[in-house]
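Student: The structure is given below, and queries will be raised subsequently.
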Amino acid sequence: MRVGAFVLAAQFPGQGQGEALHRAVRTTELAEESGLDSVWLAEHHFVPYGVCPSAVTLAGVLLGRTRHIRVGTAVSVLPNVHPVALGEQAALLHLVSGGRFTLGVGRGGPWVDLEVFGTGLRAYEEDFPESLALLLRWLREPRVEASGERFRFREVPVVPRPDELIEPSTGPETVMACTSPKSVRLAAEHGLPMLLGMHCGDEEKAEMVALWRTHARAAGRAADEIAGAAHVSAGVAQIAEGRAEATETLVKAMPGWLRQGLGAHVTVDGRIRAMRDPVEYTELLCGLHPVGPPRLAADRLAATAERTGITRFALLVEGSGDLATTEENVRRLGADVLPQLA
(Lines give C-alpha, C1' and ligand atoms only; values in the text may rest on other atoms or scores of the structure.)
Protein backbone atom coordinates (compact mmCIF):
# COMPACT_ATOMS: atom_id res chain seq x y z
CA MET A 1 0.00 0.00 0.00
CA ARG A 2 1.44 3.36 -1.05
CA VAL A 3 -0.25 6.32 0.64
CA GLY A 4 0.48 9.88 -0.46
CA ALA A 5 -0.87 13.37 0.15
CA PHE A 6 -2.88 15.30 -2.44
CA VAL A 7 -1.99 19.00 -2.17
CA LEU A 8 -4.19 21.59 -3.89
CA ALA A 9 -2.75 24.73 -2.25
CA ALA A 10 -6.39 25.54 -1.55
CA GLN A 11 -7.23 29.12 -0.60
CA PHE A 12 -9.94 28.97 2.05
CA PRO A 13 -12.18 32.00 2.72
CA GLY A 14 -10.31 34.69 4.62
CA GLN A 15 -6.88 33.35 3.68
CA GLY A 16 -4.21 34.87 1.48
CA GLN A 17 -2.65 33.09 -1.46
CA GLY A 18 0.76 32.97 0.21
CA GLU A 19 -0.79 31.24 3.20
CA ALA A 20 -2.16 28.50 0.95
CA LEU A 21 1.20 28.00 -0.75
CA HIS A 22 3.05 27.92 2.58
CA ARG A 23 0.68 25.20 3.78
CA ALA A 24 1.41 23.22 0.59
CA VAL A 25 5.17 23.37 1.20
CA ARG A 26 4.82 22.50 4.87
CA THR A 27 2.51 19.60 4.07
CA THR A 28 5.13 18.12 1.77
CA GLU A 29 7.91 18.44 4.32
CA LEU A 30 5.75 16.74 6.97
CA ALA A 31 4.62 14.04 4.53
CA GLU A 32 8.24 13.01 4.07
CA GLU A 33 8.95 13.16 7.81
CA SER A 34 5.84 11.05 8.48
CA GLY A 35 6.76 8.29 6.05
CA LEU A 36 4.21 8.93 3.33
CA ASP A 37 5.04 7.58 -0.09
CA SER A 38 4.35 10.64 -2.21
CA VAL A 39 2.91 14.12 -2.62
CA TRP A 40 0.67 15.01 -5.57
CA LEU A 41 0.38 18.65 -6.62
CA ALA A 42 -2.67 20.15 -8.30
CA GLU A 43 -2.59 22.93 -10.89
CA HIS A 44 -5.21 25.63 -11.37
CA HIS A 45 -5.38 29.07 -12.99
CA PHE A 46 -7.20 32.22 -11.90
CA VAL A 47 -9.29 30.56 -9.13
CA PRO A 48 -8.87 30.20 -5.36
CA TYR A 49 -9.80 26.50 -5.55
CA GLY A 50 -6.04 26.05 -5.84
CA VAL A 51 -3.45 28.81 -6.16
CA CYS A 52 -0.60 26.77 -7.70
CA PRO A 53 -0.56 27.67 -11.42
CA SER A 54 2.40 25.40 -12.30
CA ALA A 55 2.57 21.99 -10.69
CA VAL A 56 5.94 21.23 -12.32
CA THR A 57 7.46 24.43 -10.90
CA LEU A 58 6.24 23.68 -7.39
CA ALA A 59 7.38 20.06 -7.83
CA GLY A 60 10.89 21.33 -8.59
CA VAL A 61 10.91 23.39 -5.40
CA LEU A 62 9.65 20.50 -3.28
CA LEU A 63 12.00 17.93 -4.80
CA GLY A 64 14.82 20.26 -3.79
CA ARG A 65 13.51 20.51 -0.20
CA THR A 66 13.07 16.75 0.26
CA ARG A 67 15.30 13.69 -0.08
CA HIS A 68 13.16 10.56 -0.32
CA ILE A 69 9.51 11.25 -1.05
CA ARG A 70 8.13 11.00 -4.58
CA VAL A 71 6.58 14.21 -5.96
CA GLY A 72 4.01 14.14 -8.74
CA THR A 73 1.71 16.49 -10.62
CA ALA A 74 -2.03 15.87 -10.34
CA VAL A 75 -2.19 17.14 -12.90
CA SER A 76 -0.27 19.23 -15.38
CA VAL A 77 -2.99 20.51 -17.73
CA LEU A 78 -1.74 19.48 -21.16
CA PRO A 79 -4.04 21.64 -23.37
CA ASN A 80 -2.57 24.79 -21.78
CA VAL A 81 1.03 24.07 -22.75
CA HIS A 82 3.20 22.80 -25.59
CA PRO A 83 3.83 19.08 -24.97
CA VAL A 84 7.54 19.41 -25.79
CA ALA A 85 7.95 22.18 -23.21
CA LEU A 86 6.27 20.02 -20.59
CA GLY A 87 8.34 17.03 -21.66
CA GLU A 88 11.57 18.99 -21.23
CA GLN A 89 10.53 20.08 -17.74
CA ALA A 90 9.54 16.55 -16.77
CA ALA A 91 12.82 15.10 -18.02
CA LEU A 92 14.77 17.72 -16.10
CA LEU A 93 12.95 17.03 -12.83
CA HIS A 94 13.27 13.29 -13.33
CA LEU A 95 17.03 13.51 -13.78
CA VAL A 96 17.96 16.01 -11.10
CA SER A 97 15.75 14.30 -8.49
CA GLY A 98 17.19 10.85 -9.09
CA GLY A 99 13.94 9.53 -10.49
CA ARG A 100 11.56 10.82 -7.78
CA PHE A 101 9.28 12.78 -10.12
CA THR A 102 5.96 11.54 -11.52
CA LEU A 103 4.30 13.43 -14.35
CA GLY A 104 0.54 13.38 -14.10
CA VAL A 105 -1.29 14.84 -17.09
CA GLY A 106 -4.91 15.60 -17.82
CA ARG A 107 -7.27 17.39 -20.18
CA GLY A 108 -8.52 19.96 -17.68
CA GLY A 109 -11.73 21.78 -18.52
CA PRO A 110 -13.15 24.28 -21.01
CA TRP A 111 -11.93 27.17 -18.89
CA VAL A 112 -10.85 30.68 -19.77
CA ASP A 113 -7.27 29.40 -19.41
CA LEU A 114 -7.49 28.29 -23.05
CA GLU A 115 -8.14 31.89 -24.10
CA VAL A 116 -5.44 33.39 -21.90
CA PHE A 117 -2.74 30.98 -23.05
CA GLY A 118 -3.86 31.17 -26.67
CA THR A 119 -4.31 27.44 -27.18
CA GLY A 120 -8.06 27.68 -27.83
CA LEU A 121 -11.03 25.42 -27.20
CA ARG A 122 -9.84 22.94 -29.84
CA ALA A 123 -6.84 22.06 -27.65
CA TYR A 124 -9.33 20.82 -25.05
CA GLU A 125 -12.00 19.29 -27.27
CA GLU A 126 -9.97 17.69 -30.10
CA ASP A 127 -6.19 17.87 -29.78
CA PHE A 128 -5.50 16.15 -26.46
CA PRO A 129 -4.68 12.73 -28.02
CA GLU A 130 -2.14 14.31 -30.40
CA SER A 131 -0.58 16.33 -27.58
CA LEU A 132 -0.33 13.28 -25.34
CA ALA A 133 1.27 11.15 -28.04
CA LEU A 134 3.86 13.84 -28.75
CA LEU A 135 4.63 14.25 -25.05
CA LEU A 136 5.18 10.51 -24.61
CA ARG A 137 7.42 10.32 -27.67
CA TRP A 138 9.52 13.13 -26.22
CA LEU A 139 9.93 11.22 -22.98
CA ARG A 140 10.86 7.94 -24.72
CA GLU A 141 12.80 8.71 -27.90
CA PRO A 142 16.22 10.31 -28.58
CA ARG A 143 15.00 12.47 -31.49
CA VAL A 144 11.49 13.69 -32.28
CA GLU A 145 9.68 15.33 -35.18
CA ALA A 146 6.00 16.15 -35.58
CA SER A 147 3.69 16.15 -38.58
CA GLY A 148 0.25 16.20 -36.97
CA GLU A 149 -2.74 18.47 -37.31
CA ARG A 150 -1.67 20.74 -34.45
CA PHE A 151 2.08 20.25 -34.12
CA ARG A 152 4.50 20.32 -37.04
CA PHE A 153 8.27 20.69 -36.71
CA ARG A 154 11.47 19.20 -38.08
CA GLU A 155 13.35 16.50 -36.20
CA VAL A 156 15.23 17.76 -33.16
CA PRO A 157 17.28 16.03 -30.46
CA VAL A 158 15.75 15.44 -27.04
CA VAL A 159 17.81 17.38 -24.48
CA PRO A 160 18.10 16.35 -21.73
CA ARG A 161 17.42 12.70 -22.44
CA PRO A 162 15.32 11.37 -19.52
CA ASP A 163 17.04 7.97 -19.72
CA GLU A 164 20.57 9.43 -19.75
CA LEU A 165 21.63 9.06 -16.13
CA ILE A 166 19.17 6.71 -14.42
CA GLU A 167 19.32 3.03 -15.29
CA PRO A 168 17.19 1.17 -15.99
CA SER A 169 14.88 3.97 -17.09
CA THR A 170 12.38 4.85 -19.77
CA GLY A 171 11.95 8.36 -18.43
CA PRO A 172 9.73 9.74 -15.67
CA GLU A 173 6.74 7.76 -14.52
CA THR A 174 3.68 9.16 -16.28
CA VAL A 175 0.04 8.82 -15.21
CA MET A 176 -3.15 10.23 -16.72
CA ALA A 177 -6.25 11.62 -15.04
CA CYS A 178 -9.32 9.78 -16.31
CA THR A 179 -12.94 10.86 -15.88
CA SER A 180 -14.70 9.19 -18.83
CA PRO A 181 -14.64 5.95 -20.85
CA LYS A 182 -12.93 7.84 -23.68
CA SER A 183 -10.06 8.95 -21.44
CA VAL A 184 -9.78 5.46 -19.93
CA ARG A 185 -9.35 4.01 -23.40
CA LEU A 186 -6.70 6.57 -24.36
CA ALA A 187 -4.72 5.89 -21.19
CA ALA A 188 -4.94 2.14 -21.72
CA GLU A 189 -3.78 2.34 -25.33
CA HIS A 190 -0.64 4.15 -24.16
CA GLY A 191 -0.20 1.89 -21.15
CA LEU A 192 -0.54 4.82 -18.73
CA PRO A 193 -1.79 4.19 -15.18
CA MET A 194 -4.90 6.17 -14.30
CA LEU A 195 -5.39 8.84 -11.66
CA LEU A 196 -9.03 8.52 -10.58
CA GLY A 197 -10.89 11.38 -8.90
CA MET A 198 -11.99 11.68 -5.30
CA HIS A 199 -15.64 12.05 -6.33
CA CYS A 200 -15.71 8.41 -7.45
CA GLY A 201 -16.64 5.53 -5.17
CA ASP A 202 -15.04 2.10 -5.16
CA GLU A 203 -17.59 0.56 -7.53
CA GLU A 204 -17.02 3.20 -10.20
CA LYS A 205 -13.24 2.98 -9.83
CA ALA A 206 -13.36 -0.82 -10.11
CA GLU A 207 -15.37 -0.49 -13.33
CA MET A 208 -12.82 1.97 -14.75
CA VAL A 209 -9.93 -0.35 -13.88
CA ALA A 210 -11.72 -3.25 -15.58
CA LEU A 211 -12.39 -1.11 -18.66
CA TRP A 212 -8.74 0.00 -18.72
CA ARG A 213 -7.60 -3.62 -18.71
CA THR A 214 -9.98 -4.51 -21.53
CA HIS A 215 -8.69 -1.68 -23.73
CA ALA A 216 -5.06 -2.38 -22.79
CA ARG A 217 -5.40 -6.01 -23.88
CA ALA A 218 -7.09 -4.94 -27.12
CA ALA A 219 -4.20 -2.52 -27.77
CA GLY A 220 -1.69 -5.35 -27.39
CA ARG A 221 -0.16 -4.24 -24.10
CA ALA A 222 1.84 -6.96 -22.36
CA ALA A 223 0.12 -9.04 -19.70
CA ASP A 224 2.67 -8.15 -16.99
CA GLU A 225 2.30 -4.46 -17.84
CA ILE A 226 -1.48 -4.69 -17.46
CA ALA A 227 -1.25 -6.61 -14.19
CA GLY A 228 1.33 -4.23 -12.75
CA ALA A 229 -0.29 -0.93 -13.73
CA ALA A 230 0.00 1.34 -10.68
CA HIS A 231 -3.27 3.26 -10.82
CA VAL A 232 -3.82 6.01 -8.25
CA SER A 233 -7.00 6.65 -6.25
CA ALA A 234 -7.56 10.25 -5.11
CA GLY A 235 -9.49 10.81 -1.91
CA VAL A 236 -9.80 12.79 1.31
CA ALA A 237 -8.28 11.92 4.68
CA GLN A 238 -9.05 13.45 8.06
CA ILE A 239 -7.88 11.55 11.11
CA ALA A 240 -9.46 12.16 14.53
CA GLU A 241 -10.48 10.20 17.61
CA GLY A 242 -13.99 9.72 16.26
CA ARG A 243 -15.77 9.75 12.93
CA ALA A 244 -18.12 12.56 13.97
CA GLU A 245 -15.21 14.79 14.99
CA ALA A 246 -13.34 14.22 11.71
CA THR A 247 -16.48 14.79 9.63
CA GLU A 248 -17.35 17.96 11.54
CA THR A 249 -13.87 19.37 10.83
CA LEU A 250 -14.37 18.97 7.10
CA VAL A 251 -18.03 19.98 6.93
CA LYS A 252 -17.23 23.22 8.74
CA ALA A 253 -14.39 24.18 6.39
CA MET A 254 -14.67 22.57 2.97
CA PRO A 255 -18.04 23.91 1.73
CA GLY A 256 -16.88 27.52 1.97
CA TRP A 257 -13.72 26.71 0.01
CA LEU A 258 -15.64 24.68 -2.59
CA ARG A 259 -18.28 27.38 -3.04
CA GLN A 260 -15.66 30.10 -3.46
CA GLY A 261 -13.20 28.05 -5.50
CA LEU A 262 -15.42 26.12 -7.89
CA GLY A 263 -17.73 29.10 -8.31
CA ALA A 264 -14.83 31.17 -9.67
CA HIS A 265 -14.31 28.97 -12.74
CA VAL A 266 -15.18 30.76 -16.00
CA THR A 267 -15.78 28.82 -19.21
CA VAL A 268 -14.04 29.98 -22.36
CA ASP A 269 -17.19 29.88 -24.48
CA GLY A 270 -19.83 30.88 -21.93
CA ARG A 271 -21.29 27.40 -21.48
CA ILE A 272 -23.06 26.83 -18.17
CA ARG A 273 -21.33 24.46 -15.76
CA ALA A 274 -23.43 23.17 -12.86
CA MET A 275 -21.72 23.06 -9.47
CA ARG A 276 -22.39 20.39 -6.87
CA ASP A 277 -23.94 21.48 -3.60
CA PRO A 278 -20.81 22.11 -1.49
CA VAL A 279 -22.21 20.66 1.75
CA GLU A 280 -23.62 17.55 0.07
CA TYR A 281 -20.36 17.04 -1.80
CA THR A 282 -18.32 17.32 1.40
CA GLU A 283 -20.58 14.82 3.12
CA LEU A 284 -20.23 12.47 0.13
CA LEU A 285 -16.44 12.64 0.36
CA CYS A 286 -16.54 11.96 4.10
CA GLY A 287 -18.59 8.85 3.43
CA LEU A 288 -16.32 7.52 0.69
CA HIS A 289 -12.88 8.08 2.13
CA PRO A 290 -10.71 7.62 5.26
CA VAL A 291 -12.38 10.20 7.48
CA GLY A 292 -12.49 9.18 11.12
CA PRO A 293 -10.34 7.28 13.63
CA PRO A 294 -7.16 5.49 12.46
CA ARG A 295 -8.73 2.02 12.41
CA LEU A 296 -11.62 3.17 10.25
CA ALA A 297 -9.23 5.01 7.93
CA ALA A 298 -7.04 1.95 7.50
CA ASP A 299 -10.06 -0.28 6.91
CA ARG A 300 -11.42 2.05 4.23
CA LEU A 301 -8.10 2.16 2.39
CA ALA A 302 -7.81 -1.62 2.57
CA ALA A 303 -11.38 -2.04 1.34
CA THR A 304 -10.77 0.24 -1.63
CA ALA A 305 -7.65 -1.72 -2.51
CA GLU A 306 -9.53 -5.02 -2.31
CA ARG A 307 -12.50 -3.81 -4.35
CA THR A 308 -10.59 -1.95 -7.06
CA GLY A 309 -7.10 -3.47 -7.13
CA ILE A 310 -5.68 0.03 -6.60
CA THR A 311 -2.99 0.24 -3.93
CA ARG A 312 -1.75 3.81 -4.45
CA PHE A 313 -3.57 6.73 -2.85
CA ALA A 314 -3.42 10.52 -3.13
CA LEU A 315 -5.32 11.84 -0.12
CA LEU A 316 -6.35 15.46 0.36
CA VAL A 317 -5.06 16.29 3.84
CA GLU A 318 -5.71 20.05 3.96
CA GLY A 319 -9.51 19.87 4.12
CA SER A 320 -9.59 21.71 7.45
CA GLY A 321 -8.02 24.78 5.82
CA ASP A 322 -5.91 25.25 8.94
CA LEU A 323 -2.13 24.77 8.97
CA ALA A 324 -1.84 23.32 12.49
CA THR A 325 -4.75 20.93 11.89
CA THR A 326 -3.27 19.88 8.56
CA GLU A 327 0.10 19.22 10.20
CA GLU A 328 -1.53 17.04 12.86
CA ASN A 329 -3.55 15.23 10.21
CA VAL A 330 -0.43 14.34 8.23
CA ARG A 331 1.40 13.20 11.35
CA ARG A 332 -1.47 10.95 12.40
CA LEU A 333 -1.81 9.54 8.90
CA GLY A 334 1.83 8.48 9.10
CA ALA A 335 2.00 7.41 12.74
CA ASP A 336 -1.45 5.90 13.32
CA VAL A 337 -2.75 4.71 9.93
CA LEU A 338 0.25 3.54 7.90
CA PRO A 339 1.38 0.93 10.47
CA GLN A 340 -2.05 -0.73 10.22
CA LEU A 341 -1.62 -1.12 6.46
CA ALA A 342 1.77 -2.85 6.62
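Ligands are numbered from 1 in the order shown, chains are lettered A, B, ... in the order of the C-alpha coordinates, and residues start at 1 in each chain.
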Leaving out Arg67 (chain A) and any residue of its chain fewer than 6 positions from it, which residues lie within 12 Å of it when counting only C-alpha atoms, given as a JSON list (two decimals) with N, CA, C and O atoms, in the first residue's frame?
Tutor:
```json
[["chain", "number", "residue", "atom", "x", "y", "z"],
["A", 28, "THR", "N", 4.18, 19.02, 2.42],
["A", 28, "THR", "CA", 5.13, 18.12, 1.77],
["A", 28, "THR", "C", 6.28, 17.75, 2.69],
["A", 28, "THR", "O", 6.68, 16.57, 2.77],
["A", 29, "GLU", "N", 6.81, 18.72, 3.39],
["A", 29, "GLU", "CA", 7.91, 18.44, 4.32],
["A", 29, "GLU", "C", 7.46, 17.44, 5.39],
["A", 29, "GLU", "O", 8.18, 16.49, 5.72],
["A", 31, "ALA", "N", 4.93, 15.33, 5.16],
["A", 31, "ALA", "CA", 4.62, 14.04, 4.53],
["A", 31, "ALA", "C", 5.87, 13.17, 4.46],
["A", 31, "ALA", "O", 5.82, 11.96, 4.72],
["A", 32, "GLU", "N", 6.99, 13.77, 4.10],
["A", 32, "GLU", "CA", 8.24, 13.01, 4.07],
["A", 32, "GLU", "C", 8.64, 12.57, 5.47],
["A", 32, "GLU", "O", 9.01, 11.41, 5.69],
["A", 33, "GLU", "N", 8.59, 13.49, 6.43],
["A", 33, "GLU", "CA", 8.95, 13.16, 7.81],
["A", 33, "GLU", "C", 8.06, 12.05, 8.37],
["A", 33, "GLU", "O", 8.51, 11.24, 9.20],
["A", 35, "GLY", "N", 6.65, 9.57, 6.73],
["A", 35, "GLY", "CA", 6.76, 8.29, 6.05],
["A", 35, "GLY", "C", 5.78, 8.06, 4.93],
["A", 35, "GLY", "O", 5.64, 6.92, 4.46],
["A", 37, "ASP", "N", 4.37, 8.00, 1.13],
["A", 37, "ASP", "CA", 5.04, 7.58, -0.09],
["A", 37, "ASP", "C", 5.26, 8.72, -1.07],
["A", 37, "ASP", "O", 6.27, 8.76, -1.78],
["A", 38, "SER", "N", 4.33, 9.66, -1.12],
["A", 38, "SER", "CA", 4.35, 10.64, -2.21],
["A", 38, "SER", "C", 3.52, 11.87, -1.86],
["A", 38, "SER", "O", 2.73, 11.86, -0.91],
["A", 61, "VAL", "N", 10.58, 22.82, -6.71],
["A", 61, "VAL", "CA", 10.91, 23.39, -5.40],
["A", 61, "VAL", "C", 10.88, 22.30, -4.33],
["A", 61, "VAL", "O", 11.81, 22.17, -3.51],
["A", 96, "VAL", "N", 17.30, 15.35, -12.23],
["A", 96, "VAL", "CA", 17.96, 16.01, -11.10],
["A", 96, "VAL", "C", 17.45, 15.50, -9.76],
["A", 96, "VAL", "O", 18.12, 15.68, -8.73],
["A", 97, "SER", "N", 16.27, 14.84, -9.74],
["A", 97, "SER", "CA", 15.75, 14.30, -8.49],
["A", 97, "SER", "C", 16.13, 12.84, -8.28],
["A", 97, "SER", "O", 15.73, 12.24, -7.27],
["A", 98, "GLY", "N", 16.86, 12.26, -9.21],
["A", 98, "GLY", "CA", 17.19, 10.85, -9.09],
["A", 98, "GLY", "C", 16.01, 9.94, -9.31],
["A", 98, "GLY", "O", 15.94, 8.84, -8.74],
["A", 99, "GLY", "N", 15.07, 10.37, -10.14],
["A", 99, "GLY", "CA", 13.94, 9.53, -10.49],
["A", 99, "GLY", "C", 12.76, 9.62, -9.55],
["A", 99, "GLY", "O", 11.88, 8.74, -9.56],
["A", 100, "ARG", "N", 12.65, 10.69, -8.75],
["A", 100, "ARG", "CA", 11.56, 10.82, -7.78],
["A", 100, "ARG", "C", 10.35, 11.58, -8.31],
["A", 100, "ARG", "O", 9.39, 11.81, -7.57],
["A", 101, "PHE", "N", 10.36, 11.96, -9.57],
["A", 101, "PHE", "CA", 9.28, 12.78, -10.12],
["A", 101, "PHE", "C", 8.31, 11.92, -10.92],
["A", 101, "PHE", "O", 8.72, 11.06, -11.71]]
```
Student: For region 6-49 of chain A versus region 236-255 of chain A, which residues have an atom no more than 12 Å away, and what is each residue's nearest atom pair and distance in Å rounded to one decimal, using only C-alpha atoms, chain-then-number order, as CSV?
Tutor:
```
residue,atom,partner,partner_atom,distance
A:Phe6,CA,A:Val236,CA,8.3
A:Val7,CA,A:Val236,CA,10.6
A:Leu8,CA,A:Val236,CA,11.7
A:Ala10,CA,A:Met254,CA,9.9
A:Gln11,CA,A:Met254,CA,10.5
A:Phe12,CA,A:Ala253,CA,7.8
A:Pro13,CA,A:Ala253,CA,8.9
A:Gly14,CA,A:Ala253,CA,11.4
A:Tyr49,CA,A:Met254,CA,10.6
```
Student: Choose the residue, out of A:Ala9, A:Ala133, A:Ala59, A:Ala187, that has the smallest atom-to-atom separation from Glu145 (chain A); count only C-alpha atoms.
Tutor: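 Of the candidates, the smallest distance to Glu145 (chain A) is held by A:Ala133.
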Student: Which residues, written as a count of residues only, have at least one atom at most 8 Å from Val330 (chain A), with only C-alpha atoms counted and residues fewer than 3 positions away on the same chain left out?
Tutor: 9
Student: Which distance in Å separates CA of Trp40 (chain A) and CA of Gly16 (chain A), to one decimal?
Tutor: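 One can read the CA of Trp40 (chain A) to CA of Gly16 (chain A) distance as 21.6 Å.
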